[in-house]
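The file run_38.csv comes next; it holds CSV, C-alpha atoms.
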chain,number,residue,atom,x,y,z
A,1,MET,CA,0.0,0.0,0.0
A,2,GLY,CA,2.6,2.5,1.0
A,3,ASP,CA,1.3,6.0,0.8
A,4,VAL,CA,-2.3,6.0,2.2
A,5,ASN,CA,-3.2,9.4,0.6
A,6,ARG,CA,-2.2,8.2,-2.8
A,7,SER,CA,-4.2,5.0,-2.6
A,8,LEU,CA,-7.3,7.0,-1.6
A,9,THR,CA,-7.0,9.4,-4.5
A,10,VAL,CA,-6.1,7.0,-7.4
A,11,THR,CA,-8.9,5.9,-9.6
A,12,GLY,CA,-10.3,2.4,-9.2
A,13,SER,CA,-9.1,1.2,-12.6
A,14,GLU,CA,-5.5,1.5,-11.5
A,15,GLN,CA,-5.6,0.0,-8.0
A,16,GLY,CA,-8.8,-2.1,-7.7
A,17,PHE,CA,-11.4,-1.6,-5.0
A,18,ALA,CA,-13.7,-3.4,-2.7
A,19,THR,CA,-17.3,-2.8,-1.8
A,20,THR,CA,-19.0,-3.6,1.5
A,21,ARG,CA,-22.0,-2.8,3.6
A,22,VAL,CA,-21.7,-0.8,6.8
A,23,ASP,CA,-23.1,-3.6,9.0
A,24,ALA,CA,-20.7,-6.2,7.4
A,25,LEU,CA,-17.8,-3.8,8.2
A,26,LEU,CA,-19.0,-3.4,11.8
A,27,GLY,CA,-19.5,-7.1,12.2
A,28,TRP,CA,-16.0,-7.7,10.9
A,29,ALA,CA,-14.6,-5.2,13.4
A,30,ARG,CA,-16.6,-6.5,16.3
A,31,LYS,CA,-15.7,-10.2,15.8
A,32,TYR,CA,-12.0,-9.4,16.5
A,33,SER,CA,-12.7,-7.1,19.5
A,34,LEU,CA,-14.4,-9.2,22.1
A,35,PHE,CA,-14.0,-8.1,25.6
A,36,ALA,CA,-14.8,-11.0,27.9
A,37,TYR,CA,-16.4,-11.1,31.3
A,38,PRO,CA,-15.7,-14.6,32.7
A,39,PHE,CA,-18.5,-15.7,35.1
A,40,VAL,CA,-16.7,-18.8,36.4
A,41,THR,CA,-18.5,-20.9,39.0
A,42,ALA,CA,-17.4,-24.5,38.8
A,43,CYS,CA,-14.9,-27.1,37.5
A,44,CYS,CA,-15.2,-25.9,33.9
A,45,GLY,CA,-13.1,-23.0,35.2
A,46,MET,CA,-10.0,-25.2,35.1
A,47,GLU,CA,-10.5,-25.7,31.4
A,48,PHE,CA,-11.2,-22.0,30.9
A,49,MET,CA,-7.8,-21.3,32.6
A,50,ALA,CA,-6.1,-23.8,30.2
A,51,LEU,CA,-7.9,-22.1,27.3
A,52,THR,CA,-6.6,-18.6,28.2
A,53,SER,CA,-3.1,-19.8,28.6
A,54,PRO,CA,-0.5,-19.2,25.9
A,55,ARG,CA,-0.8,-22.8,24.7
A,56,PHE,CA,-4.1,-22.2,23.0
A,57,ASP,CA,-3.5,-18.5,22.5
A,58,LEU,CA,-6.9,-16.9,22.7
A,59,ALA,CA,-5.3,-13.6,21.4
A,60,ARG,CA,-5.4,-15.1,17.9
A,61,PHE,CA,-9.2,-14.4,18.0
A,62,GLY,CA,-8.9,-10.9,19.6
A,63,ALA,CA,-10.8,-12.2,22.6
A,64,GLU,CA,-8.1,-12.5,25.2
A,65,ALA,CA,-8.7,-9.4,27.3
A,66,PRO,CA,-10.8,-10.1,30.4
A,67,ARG,CA,-12.8,-7.2,31.9
A,68,PHE,CA,-13.7,-7.5,35.5
A,69,SER,CA,-16.6,-5.1,35.2
A,70,PRO,CA,-19.5,-6.2,33.0
A,71,ARG,CA,-19.9,-2.5,32.0
A,72,GLN,CA,-16.7,-2.8,29.9
A,73,ALA,CA,-17.5,-6.2,28.5
A,74,ASP,CA,-19.4,-7.4,25.5
A,75,LEU,CA,-18.9,-11.2,25.7
A,76,LEU,CA,-20.2,-13.1,28.8
A,77,TRP,CA,-18.6,-16.4,29.4
A,78,VAL,CA,-20.8,-18.5,31.7
A,79,VAL,CA,-18.4,-21.2,32.8
A,80,GLY,CA,-19.9,-23.8,35.1
A,81,THR,CA,-23.1,-24.8,37.0
A,82,ILE,CA,-25.5,-21.9,37.8
A,83,SER,CA,-27.5,-22.4,41.0
A,84,GLN,CA,-31.0,-21.1,41.4
A,85,ARG,CA,-29.6,-18.6,44.0
A,86,GLN,CA,-27.0,-17.3,41.6
A,87,ALA,CA,-29.5,-16.9,38.7
A,88,PRO,CA,-30.7,-13.3,39.7
A,89,ALA,CA,-27.0,-12.2,40.0
A,90,LEU,CA,-26.2,-13.6,36.6
A,91,ARG,CA,-29.2,-11.8,35.1
A,92,ARG,CA,-28.1,-8.6,36.7
A,93,ILE,CA,-24.6,-8.9,35.3
A,94,TYR,CA,-26.0,-9.5,31.8
A,95,GLU,CA,-28.3,-6.4,32.1
A,96,GLN,CA,-25.2,-4.3,33.0
A,97,MET,CA,-23.3,-5.2,29.9
A,98,MET,CA,-23.0,-2.9,26.9
A,99,SER,CA,-24.8,-3.6,23.7
A,100,PRO,CA,-24.2,-5.4,21.4
A,101,LYS,CA,-23.6,-8.2,23.9
A,102,TYR,CA,-23.0,-11.9,23.4
A,103,VAL,CA,-23.3,-14.9,25.8
A,104,LEU,CA,-21.4,-18.1,25.6
A,105,ALA,CA,-22.5,-21.1,27.6
A,106,PHE,CA,-19.3,-23.0,28.4
A,107,GLY,CA,-19.9,-26.7,29.2
A,108,THR,CA,-22.9,-28.9,29.6
A,109,CYS,CA,-24.0,-27.5,33.0
A,110,ALA,CA,-24.2,-23.9,31.7
A,111,SER,CA,-26.0,-25.1,28.6
A,112,THR,CA,-28.6,-27.5,30.0
A,113,GLY,CA,-27.9,-28.0,33.7
A,114,GLY,CA,-26.0,-31.1,33.0
A,115,PHE,CA,-26.6,-34.1,35.2
A,116,TYR,CA,-28.0,-31.9,38.0
A,117,ASP,CA,-31.7,-32.4,37.9
A,118,ASN,CA,-32.7,-31.1,41.3
A,119,TYR,CA,-33.8,-28.3,43.5
A,120,THR,CA,-30.7,-26.2,43.3
A,121,THR,CA,-29.5,-26.0,39.7
A,122,VAL,CA,-30.8,-23.9,36.8
A,123,PRO,CA,-31.6,-26.1,33.8
A,124,GLY,CA,-29.5,-24.1,31.3
A,125,ILE,CA,-28.7,-20.4,31.4
A,126,ASP,CA,-31.1,-19.7,28.5
A,127,THR,CA,-33.9,-19.8,31.1
A,128,ILE,CA,-32.4,-16.6,32.5
A,129,ILE,CA,-30.6,-14.8,29.6
A,130,PRO,CA,-30.5,-15.1,25.8
A,131,THR,CA,-27.5,-17.4,24.8
A,132,ASP,CA,-25.6,-17.2,21.5
A,133,VAL,CA,-23.4,-20.3,21.5
A,134,TYR,CA,-23.6,-23.5,23.5
A,135,ILE,CA,-20.4,-25.6,24.0
A,136,PRO,CA,-21.2,-29.1,25.2
A,137,GLY,CA,-18.7,-31.1,27.1
A,138,CYS,CA,-18.0,-31.9,30.7
A,139,PRO,CA,-15.8,-30.0,30.6
A,140,PRO,CA,-15.3,-29.2,26.9
A,141,ARG,CA,-11.8,-29.5,25.5
A,142,PRO,CA,-10.2,-26.2,24.6
A,143,GLU,CA,-10.4,-27.1,21.0
A,144,ALA,CA,-14.2,-27.3,21.3
A,145,VAL,CA,-14.3,-23.9,23.0
A,146,LEU,CA,-12.2,-22.4,20.2
A,147,ASP,CA,-14.7,-23.9,17.8
A,148,GLY,CA,-17.4,-22.2,19.8
A,149,LEU,CA,-15.6,-18.9,19.7
A,150,MET,CA,-15.1,-19.2,16.0
A,151,LEU,CA,-18.8,-20.0,15.6
A,152,LEU,CA,-19.7,-16.9,17.6
A,153,GLN,CA,-17.3,-14.8,15.5
A,154,ASP,CA,-19.0,-16.1,12.4
A,155,ARG,CA,-22.4,-15.2,13.8
A,156,ILE,CA,-21.2,-11.7,14.7
A,157,ALA,CA,-19.6,-11.1,11.3
A,158,ARG,CA,-22.9,-12.1,9.6
A,159,ASN,CA,-24.9,-10.1,12.2
A,160,GLU,CA,-27.0,-13.1,13.0
A,161,ARG,CA,-28.3,-13.8,16.5
A,162,ARG,CA,-29.6,-17.4,16.0
A,163,PRO,CA,-28.1,-19.6,18.8
A,164,GLY,CA,-25.5,-22.1,17.7
A,165,VAL,CA,-24.3,-25.4,19.2
A,166,VAL,CA,-20.7,-26.6,18.8
A,167,LYS,CA,-20.7,-30.0,17.0
A,168,PRO,CA,-18.0,-32.6,17.7
A,169,ARG,CA,-15.1,-32.5,15.2
A,170,VAL,CA,-15.5,-36.3,14.7
A,171,ASP,CA,-18.7,-38.1,14.8
A,172,PRO,CA,-18.1,-41.0,17.2
A,173,LEU,CA,-20.4,-43.2,15.2
A,174,SER,CA,-18.3,-42.8,12.1
A,175,SER,CA,-15.8,-45.4,13.3
A,176,VAL,CA,-16.0,-48.4,15.5
A,177,ASP,CA,-13.0,-47.2,17.5
A,178,GLY,CA,-14.9,-44.1,18.4
A,179,LEU,CA,-17.5,-46.0,20.3
A,180,VAL,CA,-16.8,-46.6,24.0
A,181,LYS,CA,-17.2,-50.0,25.4
A,182,LEU,CA,-18.6,-49.5,28.9
A,183,ARG,CA,-18.2,-53.1,30.0
A,184,ARG,CA,-15.8,-55.8,29.1
A,185,SER,CA,-18.7,-58.1,28.6
A,186,ALA,CA,-20.6,-55.7,26.3
A,187,GLN,CA,-21.3,-57.0,22.9
A,188,ASP,CA,-19.4,-55.8,19.8
A,189,PRO,CA,-20.3,-52.2,19.1
A,190,ARG,CA,-20.9,-53.2,15.5
A,191,GLU,CA,-23.9,-55.3,16.7
A,192,LEU,CA,-25.4,-52.2,18.4
A,193,VAL,CA,-25.2,-50.1,15.3
A,194,PRO,CA,-26.3,-52.3,12.4
A,195,GLU,CA,-25.4,-49.8,9.7
A,196,LEU,CA,-21.8,-49.9,10.7
A,197,LYS,CA,-21.7,-53.6,10.2
A,198,ARG,CA,-23.4,-53.4,6.9
A,199,GLU,CA,-21.0,-50.7,5.7
A,200,GLU,CA,-18.1,-52.7,6.8
A,201,GLU,CA,-19.3,-55.8,5.1
A,202,ALA,CA,-19.9,-53.8,1.9
A,203,ALA,CA,-16.4,-52.4,2.1
A,204,MET,CA,-15.0,-55.9,2.6
A,205,ALA,CA,-16.9,-57.2,-0.4
A,206,LEU,CA,-15.6,-54.4,-2.5
A,207,ALA,CA,-12.0,-54.8,-1.5
A,208,GLY,CA,-12.1,-58.5,-2.1
A,209,PRO,CA,-10.5,-61.4,-0.1
A,210,VAL,CA,-7.1,-59.6,0.4
A,211,ALA,CA,-8.7,-56.8,2.5
A,212,GLU,CA,-8.2,-58.8,5.8
A,213,ALA,CA,-6.2,-56.5,8.0
A,214,PRO,CA,-3.3,-58.0,10.0
A,215,PRO,CA,-4.2,-58.3,13.7
A,216,GLY,CA,-3.5,-55.1,15.8
A,217,ALA,CA,-3.3,-52.9,12.7
A,218,LYS,CA,-4.5,-49.3,13.2
A,219,ARG,CA,-7.6,-48.4,11.2
B,1,MET,CA,-9.8,-43.8,71.5
B,2,SER,CA,-11.8,-41.5,73.6
B,3,GLN,CA,-13.8,-44.1,75.6
B,4,HIS,CA,-13.2,-42.0,78.8
B,5,VAL,CA,-15.4,-39.3,77.3
B,6,LEU,CA,-18.3,-41.7,76.9
B,7,ASP,CA,-17.6,-43.0,80.4
B,8,LYS,CA,-17.8,-39.5,81.9
B,9,LEU,CA,-21.0,-38.7,80.0
B,10,LYS,CA,-22.7,-41.9,81.2
B,11,ALA,CA,-21.6,-41.3,84.8
B,12,ARG,CA,-22.9,-37.7,84.7
B,13,PHE,CA,-26.1,-38.1,82.7
B,14,GLY,CA,-27.1,-41.7,83.3
B,15,THR,CA,-30.2,-42.7,81.4
B,16,SER,CA,-30.2,-39.5,79.3
B,17,ILE,CA,-27.5,-41.1,77.3
B,18,LEU,CA,-29.7,-43.5,75.3
B,19,GLU,CA,-26.9,-45.6,73.8
B,20,THR,CA,-23.2,-45.4,73.0
B,21,HIS,CA,-20.9,-47.2,70.6
B,22,SER,CA,-17.3,-46.9,69.3
B,23,ASP,CA,-17.7,-48.4,65.9
B,24,PHE,CA,-14.6,-47.9,63.6
B,25,GLY,CA,-13.0,-45.9,66.4
B,26,ASP,CA,-15.6,-43.1,66.4
B,27,ASP,CA,-17.0,-42.7,69.9
B,28,THR,CA,-20.6,-41.9,69.7
B,29,ALA,CA,-23.3,-41.0,72.2
B,30,VAL,CA,-27.0,-40.8,71.5
B,31,VAL,CA,-28.5,-38.2,73.7
B,32,GLU,CA,-32.0,-37.5,75.0
B,33,PRO,CA,-33.1,-34.4,73.0
B,34,SER,CA,-34.2,-32.6,76.1
B,35,GLN,CA,-30.7,-33.0,77.5
B,36,TRP,CA,-28.9,-31.8,74.3
B,37,LYS,CA,-27.8,-28.4,75.6
B,38,ALA,CA,-26.9,-29.7,79.1
B,39,VAL,CA,-24.7,-32.3,77.6
B,40,CYS,CA,-23.0,-29.8,75.3
B,41,GLN,CA,-22.5,-27.4,78.2
B,42,TYR,CA,-20.8,-30.2,80.2
B,43,LEU,CA,-18.6,-31.2,77.3
B,44,ARG,CA,-17.5,-27.6,76.8
B,45,GLU,CA,-16.9,-26.7,80.5
B,46,GLU,CA,-15.6,-29.9,82.2
B,47,PRO,CA,-11.8,-29.3,82.3
B,48,ALA,CA,-11.0,-32.9,81.6
B,49,LEU,CA,-13.1,-32.9,78.4
B,50,ASP,CA,-12.6,-29.3,77.1
B,51,PHE,CA,-14.3,-29.6,73.7
B,52,ASP,CA,-13.6,-26.2,72.3
B,53,LEU,CA,-13.9,-26.9,68.5
B,54,PRO,CA,-17.4,-27.6,67.1
B,55,VAL,CA,-16.4,-29.4,63.9
B,56,ASP,CA,-19.7,-30.1,62.2
B,57,LEU,CA,-23.5,-30.3,62.6
B,58,CYS,CA,-25.8,-32.1,60.2
B,59,GLY,CA,-29.2,-33.7,59.9
B,60,VAL,CA,-29.7,-37.3,58.7
B,61,ASP,CA,-33.2,-38.4,57.7
B,62,TYR,CA,-34.3,-42.0,58.3
B,63,PRO,CA,-37.8,-42.0,56.9
B,64,THR,CA,-38.7,-45.4,58.2
B,65,ARG,CA,-37.7,-44.6,61.8
B,66,ILE,CA,-39.6,-42.7,64.5
B,67,PRO,CA,-38.1,-40.3,65.5
B,68,ARG,CA,-37.0,-39.8,62.0
B,69,MET,CA,-34.5,-37.0,61.9
B,70,GLU,CA,-31.1,-37.6,63.5
B,71,VAL,CA,-29.0,-34.5,64.3
B,72,VAL,CA,-25.3,-35.4,64.4
B,73,MET,CA,-22.7,-33.2,66.0
B,74,HIS,CA,-18.9,-33.7,65.8
B,75,LEU,CA,-16.7,-32.1,68.5
B,76,TYR,CA,-13.0,-31.9,68.9
B,77,SER,CA,-10.7,-30.7,71.7
B,78,ILE,CA,-7.7,-28.9,70.5
B,79,ALA,CA,-6.0,-29.1,73.9
B,80,LYS,CA,-6.7,-32.7,74.7
B,81,GLY,CA,-6.8,-34.0,71.1
B,82,HIS,CA,-9.9,-36.2,71.5
B,83,ARG,CA,-13.1,-36.3,69.6
B,84,VAL,CA,-16.7,-37.3,70.2
B,85,ARG,CA,-19.9,-37.6,68.1
B,86,LEU,CA,-23.2,-36.7,69.6
B,87,LYS,CA,-26.6,-37.7,68.2
B,88,ALA,CA,-30.1,-36.7,69.0
B,89,ARG,CA,-33.2,-38.2,67.4
B,90,VAL,CA,-36.2,-35.8,66.9
B,91,GLY,CA,-39.4,-35.5,64.8
B,92,ASP,CA,-42.2,-37.8,63.9
B,93,GLU,CA,-43.3,-38.7,60.3
B,94,GLU,CA,-44.6,-35.1,59.8
B,95,MET,CA,-41.5,-33.6,61.3
B,96,SER,CA,-43.5,-32.2,64.2
B,97,GLY,CA,-41.5,-32.0,67.4
B,98,ALA,CA,-38.3,-31.7,65.4
B,99,GLU,CA,-36.6,-29.2,67.6
B,100,LEU,CA,-33.6,-28.9,69.8
B,101,ASP,CA,-32.1,-26.2,72.1
B,102,SER,CA,-29.6,-24.0,70.3
B,103,VAL,CA,-26.0,-24.3,71.5
B,104,THR,CA,-24.8,-21.0,70.0
B,105,SER,CA,-24.3,-19.7,73.5
B,106,ILE,CA,-21.7,-22.4,74.1
B,107,TRP,CA,-20.0,-22.4,70.7
B,108,PRO,CA,-20.7,-19.2,68.7
B,109,GLY,CA,-19.5,-21.0,65.6
B,110,MET,CA,-22.6,-23.3,65.7
B,111,ASN,CA,-24.7,-20.3,64.6
B,112,TRP,CA,-24.3,-21.0,60.8
B,113,LEU,CA,-24.3,-24.7,61.2
B,114,GLU,CA,-27.6,-24.7,63.0
B,115,ARG,CA,-29.0,-22.4,60.3
B,116,GLU,CA,-27.8,-25.0,57.7
B,117,VAL,CA,-29.5,-27.9,59.5
B,118,TRP,CA,-32.7,-25.8,59.7
B,119,ASP,CA,-32.5,-24.9,56.0
B,120,MET,CA,-31.7,-28.4,54.7
B,121,SER,CA,-33.4,-30.7,57.2
B,122,GLY,CA,-36.0,-28.6,58.9
B,123,VAL,CA,-34.9,-29.0,62.5
B,124,ARG,CA,-35.7,-25.9,64.6
B,125,PHE,CA,-33.2,-24.7,67.2
B,126,ASN,CA,-34.9,-22.9,70.1
B,127,GLY,CA,-33.0,-19.9,71.4
B,128,HIS,CA,-31.0,-19.4,68.1
B,129,PRO,CA,-30.4,-15.6,67.6
B,130,ASP,CA,-31.1,-15.6,63.8
B,131,LEU,CA,-32.7,-18.8,62.6
B,132,ARG,CA,-33.0,-18.0,58.8
B,133,ARG,CA,-32.2,-20.1,55.7
B,134,ILE,CA,-28.5,-19.9,54.9
B,135,LEU,CA,-28.0,-21.8,51.6
B,136,MET,CA,-31.5,-21.5,50.0
B,137,TYR,CA,-33.4,-18.3,49.4
B,138,PRO,CA,-36.3,-17.1,51.6
B,139,GLU,CA,-39.0,-18.0,49.0
B,140,PHE,CA,-37.8,-21.6,49.0
B,141,GLU,CA,-40.5,-24.1,50.2
B,142,GLY,CA,-39.7,-27.1,52.2
B,143,HIS,CA,-36.4,-28.6,53.3
B,144,PRO,CA,-34.5,-30.3,50.4
B,145,LEU,CA,-32.5,-32.9,52.4
B,146,GLN,CA,-35.7,-34.5,53.9
B,147,LYS,CA,-36.3,-37.7,52.1
B,148,THR,CA,-39.9,-36.6,51.5
B,149,TYR,CA,-38.7,-33.8,49.3
B,150,PRO,CA,-39.1,-34.9,45.6
B,151,ALA,CA,-35.7,-35.5,44.1
B,152,ASP,CA,-36.5,-33.7,40.8
B,153,ARG,CA,-38.6,-30.9,42.2
B,154,THR,CA,-37.4,-27.4,41.1
B,155,GLN,CA,-38.9,-24.2,42.4
B,156,PRO,CA,-39.5,-20.9,40.5
B,157,LEU,CA,-36.6,-18.5,40.0
B,158,VAL,CA,-36.6,-15.4,42.2
B,159,PRO,CA,-35.9,-11.9,41.0
B,160,TYR,CA,-32.7,-10.0,41.9
B,161,ARG,CA,-33.0,-8.0,45.2
B,162,THR,CA,-30.7,-6.1,47.3
B,163,GLU,CA,-30.3,-7.1,51.0
B,164,GLU,CA,-32.6,-4.2,51.9
B,165,GLU,CA,-35.3,-5.2,49.4
B,166,ALA,CA,-35.2,-8.8,50.6
B,167,GLY,CA,-35.5,-7.7,54.2
B,168,LEU,CA,-32.1,-9.1,55.1
B,169,PRO,CA,-29.9,-7.6,57.9
B,170,LEU,CA,-27.6,-4.9,56.5
B,171,GLY,CA,-24.9,-5.1,59.2
B,172,LYS,CA,-22.3,-7.8,59.7
B,173,LEU,CA,-23.8,-11.2,60.3
B,174,GLU,CA,-23.5,-13.2,63.5
B,175,PRO,CA,-21.0,-14.4,64.8
B,176,PHE,CA,-18.8,-11.6,63.2
B,177,GLY,CA,-18.6,-8.4,65.2
B,178,PRO,CA,-18.5,-5.0,63.5
B,179,ASP,CA,-14.7,-5.0,63.0
B,180,GLU,CA,-14.4,-8.7,62.1
B,181,GLY,CA,-14.7,-10.6,58.8
B,182,MET,CA,-14.4,-9.1,55.4
B,183,PRO,CA,-14.3,-5.3,55.3
B,184,PHE,CA,-16.5,-5.0,52.2
B,185,GLY,CA,-20.2,-5.9,51.7
B,186,ARG,CA,-23.1,-6.0,54.1
B,187,GLY,CA,-22.6,-2.4,55.1
B,188,GLY,CA,-19.0,-2.9,56.3
B,189,LEU,CA,-17.5,-0.3,54.0
B,190,PRO,CA,-18.0,3.4,55.0
B,191,ARG,CA,-20.1,5.3,52.6
B,192,VAL,CA,-18.4,7.6,50.1
B,193,VAL,CA,-19.3,11.2,50.9
B,194,ASP,CA,-19.7,13.5,47.9
B,195,HIS,CA,-17.6,16.6,48.5
B,196,GLU,CA,-19.4,19.7,47.3
B,197,ASP,CA,-16.4,22.0,46.8
B,198,ASP,CA,-17.0,23.7,43.4
Output the file's structure in the form of structure tokens.
Amino acid sequence: MGDVNRSLTVTGSEQGFATTRVDALLGWARKYSLFAYPFVTACCGMEFMALTSPRFDLARFGAEAPRFSPRQADLLWVVGTISQRQAPALRRIYEQMMSPKYVLAFGTCASTGGFYDNYTTVPGIDTIIPTDVYIPGCPPRPEAVLDGLMLLQDRIARNERRPGVVKPRVDPLSSVDGLVKLRRSAQDPRELVPELKREEEAAMALAGPVAEAPPGAKR
Amino acid sequence: MSQHVLDKLKARFGTSILETHSDFGDDTAVVEPSQWKAVCQYLREEPALDFDLPVDLCGVDYPTRIPRMEVVMHLYSIAKGHRVRLKARVGDEEMSGAELDSVTSIWPGMNWLEREVWDMSGVRFNGHPDLRRILMYPEFEGHPLQKTYPADRTQPLVPYRTEEEAGLPLGKLEPFGPDEGMPFGRGGLPRVVDHEDD
């Protein structure tokens, strides 16, 4: 680019130009300028600390600066279980944040209440405040959280407020190794998912008789 | 380990000590509920016993028994290094008669523990200075650690309120005095005065 003044004054035919809309430009600016307010209540906080460490480098996404006043923040991280008694305080914090504001439900407890189905736990923070992105996991891996953050950035850039859910990077049903055997005596997972067995048999038939893998070979 | 504590209790209170055992090395005395405070007073003040640390207080619900609620207290003596566990059984099926004398005058630290047992298990402590819920909010109905409380029953969310709006005390809470505990919150911080020098 070099001289800014020159690039502004030259005609388009020499330098090329780009068109955009104001809201798209604003969205693009906002998605790399997220000021986070971490509302950390439970064990997911450990994973949040790992996430904010240099190893995962949240600064790549422009979302690394925590604000410890909700009035300076525009992204609320709800990390952990929210009890019925905390719910009014969480609502109050959300109301104090500046607009446009975004909410990220970190982990299964914040998203749905998790395995707590009792007198004391809120069944998902969306019963209290509008939520933009849900990250399942107990706790979610930092990679899953980064997926959630990128999902949120995508929504911000497109100026869209439809809630999103982070999907697993690998479908556990796509391979037999992905299925967890809970008991030693449990039957072969291929028996539990008939499609897998049929697919495998079809693949074997295609590959012919030499497709037999040596024992212990990695798939 | 602390069999002599049980011996002294039995010698002093006789039939008011309903039963004792020392299973797994934990010396336990089941006390007549009417003698609860007297036994505690004795354990605290007898020089040979000197139980100066109230470790824990909790309620255990046995829905098939009458009396159904068992209040369990753990005590420790820092000077003597011995422990004892006291139990009192109170309350019928409907939890009527589930009350004990408060021992906050003997151990001020029992204040919050007795509030917790009232909140969770519904045992009243007569003579307690401030018997309110401590973990749950004032609108909460019932006592969640009673076995008759439905395991999956949730209650409506409450709106945000300040202490003043909720009718809660604004000063420091018992057992903290005005210059104890955290300096902020609950009216502990002096108000900022606006200076009108323009």
From B:Met136, B:Val103, B:Leu6, B:Met110, residue lying nearest Gln155 (chain B) [all atoms listed in the file]: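 Among the listed residues, B:Met136 lies closest to Gln155 (chain B).
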Polymer residues at most 6 Å from Arg115 (chain B), only C-alpha atoms, same-chain spacing of 3 or more positions, as number ranges by chain: B: 112, 118, 131, 134
Distance-based interface of chain B with chain A, 10 Å, counting all atoms listed in the file, as a PyMOL selection string: chain B and resi 135-137+140+144+149-161
Could you save the residues just selected, with C-alpha atoms, as a CSV table (one decimal), in the coordinates of the input?
chain,number,residue,atom,x,y,z
B,135,LEU,CA,-28.0,-21.8,51.6
B,136,MET,CA,-31.5,-21.5,50.0
B,137,TYR,CA,-33.4,-18.3,49.4
B,140,PHE,CA,-37.8,-21.6,49.0
B,144,PRO,CA,-34.5,-30.3,50.4
B,149,TYR,CA,-38.7,-33.8,49.3
B,150,PRO,CA,-39.1,-34.9,45.6
B,151,ALA,CA,-35.7,-35.5,44.1
B,152,ASP,CA,-36.5,-33.7,40.8
B,153,ARG,CA,-38.6,-30.9,42.2
B,154,THR,CA,-37.4,-27.4,41.1
B,155,GLN,CA,-38.9,-24.2,42.4
B,156,PRO,CA,-39.5,-20.9,40.5
B,157,LEU,CA,-36.6,-18.5,40.0
B,158,VAL,CA,-36.6,-15.4,42.2
B,159,PRO,CA,-35.9,-11.9,41.0
B,160,TYR,CA,-32.7,-10.0,41.9
B,161,ARG,CA,-33.0,-8.0,45.2
Region 61-64 of chain A surroundings by all atoms listed in the file, 9 Å radius, close-in-sequence under 6 positions cut, as a list in words: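 Result of the neighbour search: Lys31, Tyr32, Ser33, Leu34, Phe35, Ala36, Thr52, Leu75, Leu146, Leu149, Met150 and Gln153 of chain A.
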Based on the selection just made, write C-alpha atoms of those residues as a short mmCIF file (atom, residue, chain, number, x, y, z; two decimals), keeping the file's coordinate frame.
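Result went into part.cif, see below:
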data_model
loop_
_atom_site.label_atom_id
_atom_site.label_comp_id
_atom_site.auth_asym_id
_atom_site.auth_seq_id
_atom_site.Cartn_x
_atom_site.Cartn_y
_atom_site.Cartn_z
CA LYS A 31 -15.70 -10.20 15.80
CA TYR A 32 -12.00 -9.40 16.50
CA SER A 33 -12.70 -7.10 19.50
CA LEU A 34 -14.40 -9.20 22.10
CA PHE A 35 -14.00 -8.10 25.60
CA ALA A 36 -14.80 -11.00 27.90
CA THR A 52 -6.60 -18.60 28.20
CA LEU A 75 -18.90 -11.20 25.70
CA LEU A 146 -12.20 -22.40 20.20
CA LEU A 149 -15.60 -18.90 19.70
CA MET A 150 -15.10 -19.20 16.00
CA GLN A 153 -17.30 -14.80 15.50
#
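Here CA of Gly113 (chain A) stands at a distance of 12.2 Å from CA of Ala42 (chain A).
If you look at CA of Pro138 (chain B) and CA of Pro169 (chain B), they are 13.1 Å away from each other.
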What lies within 9 Å of Pro129 (chain B) using only C-alpha atoms, ignoring chain neighbours under 2 positions off, as a PDB file with C-alpha atoms, in the frame of the given file?
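Result file is selection_1.pdb:
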ATOM      1  CA  SER B 102     -29.600 -24.000  70.300  1.00  0.00           C
ATOM      2  CA  THR B 104     -24.800 -21.000  70.000  1.00  0.00           C
ATOM      3  CA  ASN B 111     -24.700 -20.300  64.600  1.00  0.00           C
ATOM      4  CA  ASN B 126     -34.900 -22.900  70.100  1.00  0.00           C
ATOM      5  CA  GLY B 127     -33.000 -19.900  71.400  1.00  0.00           C
ATOM      6  CA  LEU B 131     -32.700 -18.800  62.600  1.00  0.00           C
ATOM      7  CA  GLU B 174     -23.500 -13.200  63.500  1.00  0.00           C
TER       8      GLU B 174
END
12 Å contact set for Glu46 (chain B), only C-alpha atoms, chain neighbours under 6 positions out, as number ranges by chain: B: 5, 8-9, 12, 38-40, 52, 77, 80
Could the residues in this selection be written to a file with C-alpha atoms, as an mmCIF file, in the frame of the given file?
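result.cif was written with the following content:
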data_model
loop_
_atom_site.group_PDB
_atom_site.id
_atom_site.type_symbol
_atom_site.label_atom_id
_atom_site.label_comp_id
_atom_site.auth_asym_id
_atom_site.auth_seq_id
_atom_site.Cartn_x
_atom_site.Cartn_y
_atom_site.Cartn_z
ATOM 1 C CA VAL B 5 -15.400 -39.300 77.300
ATOM 2 C CA LYS B 8 -17.800 -39.500 81.900
ATOM 3 C CA LEU B 9 -21.000 -38.700 80.000
ATOM 4 C CA ARG B 12 -22.900 -37.700 84.700
ATOM 5 C CA ALA B 38 -26.900 -29.700 79.100
ATOM 6 C CA VAL B 39 -24.700 -32.300 77.600
ATOM 7 C CA CYS B 40 -23.000 -29.800 75.300
ATOM 8 C CA ASP B 52 -13.600 -26.200 72.300
ATOM 9 C CA SER B 77 -10.700 -30.700 71.700
ATOM 10 C CA LYS B 80 -6.700 -32.700 74.700
#
Atom-to-atom span, CA of Asp101 (chain B) and CA of Gln35 (chain B), Å: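 It comes out at 8.8 Å.
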